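A.B. asks: Structure file final.cif (mmCIF, C-alpha atoms) right here:
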```
data_work
#
loop_
_atom_site.label_atom_id
_atom_site.label_comp_id
_atom_site.auth_asym_id
_atom_site.auth_seq_id
_atom_site.Cartn_x
_atom_site.Cartn_y
_atom_site.Cartn_z
CA MET A 27 108.03 -112.24 -129.18
CA SER A 28 106.14 -114.07 -126.41
CA HIS A 29 102.41 -113.40 -125.99
CA ASP A 30 102.95 -113.11 -122.21
CA VAL A 31 105.07 -109.97 -122.54
CA PRO A 32 103.04 -106.83 -123.22
CA GLN A 33 104.24 -104.82 -126.16
CA GLU A 34 105.41 -101.27 -125.71
CA PRO A 35 102.98 -98.50 -126.75
CA THR A 36 105.34 -97.82 -129.67
CA ALA A 37 104.05 -101.13 -131.09
CA LEU A 38 100.96 -99.19 -132.12
CA SER A 39 100.87 -97.94 -135.67
CA GLN A 40 101.08 -94.24 -136.41
CA ARG A 41 97.43 -94.36 -137.48
CA GLN A 42 96.41 -95.95 -134.17
CA LEU A 43 98.36 -93.36 -132.18
CA LEU A 44 96.63 -90.58 -134.12
CA ALA A 45 93.24 -92.23 -133.54
CA ILE A 46 93.38 -92.16 -129.75
CA PRO A 47 92.75 -88.40 -129.30
CA TYR A 48 89.86 -88.58 -131.80
CA LEU A 49 88.31 -91.49 -129.91
CA THR A 50 88.71 -89.66 -126.63
CA ALA A 51 87.22 -86.40 -127.90
CA SER A 52 84.44 -87.71 -130.14
CA PRO A 53 81.01 -88.42 -128.69
CA THR A 54 80.76 -91.69 -130.66
CA PHE A 55 83.12 -94.16 -132.23
CA THR A 56 81.25 -93.64 -135.50
CA GLU A 57 82.09 -89.94 -135.50
CA ALA A 58 85.73 -90.66 -134.63
CA ALA A 59 85.93 -93.23 -137.44
CA GLU A 60 84.54 -90.68 -139.93
CA LYS A 61 87.07 -88.05 -138.85
CA LEU A 62 89.88 -90.57 -139.14
CA GLY A 63 88.71 -91.94 -142.48
CA VAL A 64 88.45 -95.51 -141.19
CA SER A 65 85.49 -97.81 -140.66
CA ARG A 66 83.81 -98.43 -137.32
CA LYS A 67 84.91 -102.05 -137.68
CA THR A 68 88.53 -100.87 -137.70
CA ILE A 69 87.95 -98.90 -134.50
CA TYR A 70 86.39 -101.92 -132.78
CA ARG A 71 89.19 -104.17 -134.03
CA TRP A 72 91.76 -101.77 -132.60
CA LEU A 73 89.88 -101.63 -129.30
CA ASN A 74 90.18 -105.42 -129.07
CA ASP A 75 93.97 -105.03 -129.14
CA PRO A 76 95.09 -104.86 -125.46
CA ASP A 77 97.89 -102.37 -126.21
CA PHE A 78 95.57 -100.03 -128.09
CA ARG A 79 92.85 -100.42 -125.44
CA GLN A 80 95.34 -99.60 -122.68
CA ALA A 81 96.62 -96.50 -124.48
CA TYR A 82 93.06 -95.38 -125.23
CA GLU A 83 91.90 -95.86 -121.62
CA ARG A 84 94.98 -94.06 -120.27
CA GLN A 85 94.21 -91.09 -122.55
CA ARG A 86 90.55 -91.13 -121.46
CA GLU A 87 91.55 -91.14 -117.78
CA GLU A 88 94.00 -88.27 -118.28
CA THR A 89 91.38 -86.27 -120.16
CA ALA A 90 88.76 -86.93 -117.48
CA ALA A 91 91.18 -85.93 -114.71
CA LEU A 92 92.03 -82.69 -116.49
CA ALA A 93 88.36 -81.89 -117.12
CA THR A 94 87.47 -82.65 -113.50
CA SER A 95 90.27 -80.40 -112.27
CA GLU A 96 89.15 -77.55 -114.52
CA ILE A 97 85.51 -77.98 -113.51
CA ARG A 98 86.46 -77.82 -109.82
CA ALA A 99 88.47 -74.65 -110.42
CA LEU A 100 85.55 -73.05 -112.28
CA MET A 101 83.15 -74.04 -109.51
CA LEU A 102 85.42 -72.44 -106.92
CA LYS A 103 85.71 -69.26 -108.97
CA ALA A 104 81.92 -69.16 -109.43
CA ALA A 105 81.35 -69.62 -105.70
CA VAL A 106 83.79 -66.82 -104.86
CA VAL A 107 82.22 -64.44 -107.38
CA LEU A 108 78.72 -65.29 -106.16
CA ALA A 109 79.74 -64.76 -102.52
CA GLU A 110 81.29 -61.40 -103.42
CA ARG A 111 78.15 -60.38 -105.29
CA LEU A 112 75.92 -61.42 -102.37
CA GLU A 113 78.14 -59.43 -99.98
CA SER A 114 78.29 -56.38 -102.22
CA ASP A 115 77.42 -53.00 -100.74
CA ASP A 116 75.38 -52.33 -103.88
CA PRO A 117 71.79 -53.48 -103.22
CA GLU A 118 71.12 -53.86 -106.95
CA GLU A 119 74.09 -56.20 -107.33
CA ARG A 120 72.89 -58.25 -104.35
CA ALA A 121 69.41 -58.42 -105.89
CA ARG A 122 70.83 -59.55 -109.25
CA ALA A 123 72.93 -62.20 -107.50
CA SER A 124 69.86 -63.36 -105.57
CA ARG A 125 67.86 -63.65 -108.78
CA ASP A 126 70.69 -65.62 -110.38
CA VAL A 127 70.67 -68.05 -107.44
CA MET A 128 66.90 -68.40 -107.54
CA THR A 129 66.90 -69.00 -111.30
CA TYR A 130 69.71 -71.52 -110.92
CA GLY A 131 67.81 -73.19 -108.09
CA LEU A 132 64.75 -73.68 -110.24
CA LYS A 133 66.87 -75.31 -112.94
CA VAL A 134 68.87 -77.73 -110.77
CA ALA A 135 66.62 -78.51 -107.82
CA ASP A 136 65.97 -82.01 -109.20
CA SER A 137 68.33 -84.01 -107.01
CA GLU A 138 68.44 -83.99 -103.22
CA ALA A 139 72.05 -82.75 -103.18
CA ASN A 140 71.20 -79.86 -105.50
CA ARG A 141 68.15 -78.99 -103.39
CA ARG A 142 70.35 -78.76 -100.27
CA VAL A 143 72.78 -76.42 -102.05
CA VAL A 144 69.95 -74.22 -103.30
CA GLU A 145 68.37 -74.13 -99.83
CA ARG A 146 71.69 -73.07 -98.33
CA LEU A 147 72.12 -70.31 -100.91
CA ASN A 148 68.56 -69.17 -100.24
CA ARG A 149 69.30 -69.00 -96.48
CA ILE A 150 72.36 -66.87 -97.22
CA ILE A 151 70.28 -64.57 -99.41
CA SER A 152 67.62 -64.34 -96.71
CA ASN A 153 70.24 -63.45 -94.10
CA VAL A 154 71.73 -60.76 -96.34
CA GLU A 155 68.29 -59.31 -97.03
CA GLU A 156 67.47 -59.35 -93.31
CA GLU A 157 70.73 -57.57 -92.55
CA ASP A 158 69.90 -54.99 -95.24
CA ARG A 159 66.47 -54.34 -93.70
CA TYR A 160 68.06 -54.00 -90.25
CA HIS A 161 70.62 -51.48 -91.50
CA ALA A 162 67.94 -49.56 -93.38
CA ARG A 163 66.12 -49.13 -90.05
CA ASN A 164 69.37 -48.51 -88.11
CA PRO A 165 71.71 -46.55 -90.40
CA HIS A 166 74.05 -45.66 -87.51
CA VAL A 167 75.05 -49.34 -87.05
CA PRO A 168 78.06 -50.31 -89.18
CA HIS A 169 77.77 -53.21 -91.62
CA THR A 170 79.50 -56.43 -90.62
CA ARG A 171 80.12 -57.61 -94.18
CA ASN A 172 83.51 -59.03 -94.96
CA PRO A 173 85.87 -56.02 -95.09
CA ASN A 174 88.24 -58.02 -97.31
CA SER A 175 85.62 -58.37 -100.03
CA ARG A 176 86.91 -56.92 -103.29
CA ARG A 177 83.52 -55.53 -104.21
CA HIS A 178 82.65 -52.45 -102.17
#
```
Turn the structure described in the file into structure tokens.
C.D. replies:
Amino acid sequence: MSHDVPQEPTALSQRQLLAIPYLTASPTFTEAAEKLGVSRKTIYRWLNDPDFRQAYERQREETAALATSEIRALMLKAAVVLAERLESDDPEERARASRDVMTYGLKVADSEANRRVVERLNRIISNVEEEDRYHARNPHVPHTRNPNSRRH
């Protein structure tokens, strides 16, 4: 077979095919090698094989894409739940949600982007608290909270 023609992924041994998920999931090649019962040298030798490297990188990209997708979905769910809690008619629930945001803000306010998110959440909390104080003074005025909120 010519060296110019790439081999099909089936050209990988069964052992190499089994190794790819371990390499993708393990924090280190050493740990993957131990789980597979091979030496680190074997892992590095396999990684020098273009076919193995391609299959490994494809698996890594697919795993990263799946993880990114799941993280985005979880972030969206968390944002929806937090918004519902902040819009709750229960003042204790709103206070707990506010504390959660403040605690989170203290933990992640390292980067500029995180600071902006925390500041925005704090403005929302402040607006909700201001609205609560207004309605406490003016009980005859109806609340303008989202009527579609599931938490009433």
A.B. asks: Quick one: distance from CA of Leu112 (chain A) to CA of His166 (chain A) in Å, one decimal?
C.D. replies: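 Result for CA of Leu112 (chain A) versus CA of His166 (chain A): 21.7 Å, one decimal.
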A.B. asks: Care to translate the PyMOL selection byres ((chain A and resi 148) around 12) into actual residues of this file, as number ranges by chain?
C.D. replies: A: 112, 123-132, 141-147, 149-155
A.B. asks: What is the distance, in Å and to one decimal place, between CA of Glu156 (chain A) and CA of Pro168 (chain A)?
C.D. replies: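 Result for CA of Glu156 (chain A) versus CA of Pro168 (chain A): 14.5 Å, one decimal.
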A.B. asks: Can you translate the PyMOL selection byres ((chain A and resi 49) around 10) into the concrete residues it hits in this file, as a VMD selection string?
C.D. replies: chain A and resid 44 to 48 50 to 59 61 to 62 69 82 85 to 86
A.B. asks: Would you compute the distance between CA of Glu113 (chain A) and CA of Ala162 (chain A)? Give it in Å to one decimal.
C.D. replies: 15.7 Å
A.B. asks: Given the file shown, enumerate the residues that the PyMOL selection byres ((chain A and resi 107) around 12) captures and present them as a PyMOL selection string.
C.D. replies: chain A and resi 100-106+108-114+119-120+123+126+175-177
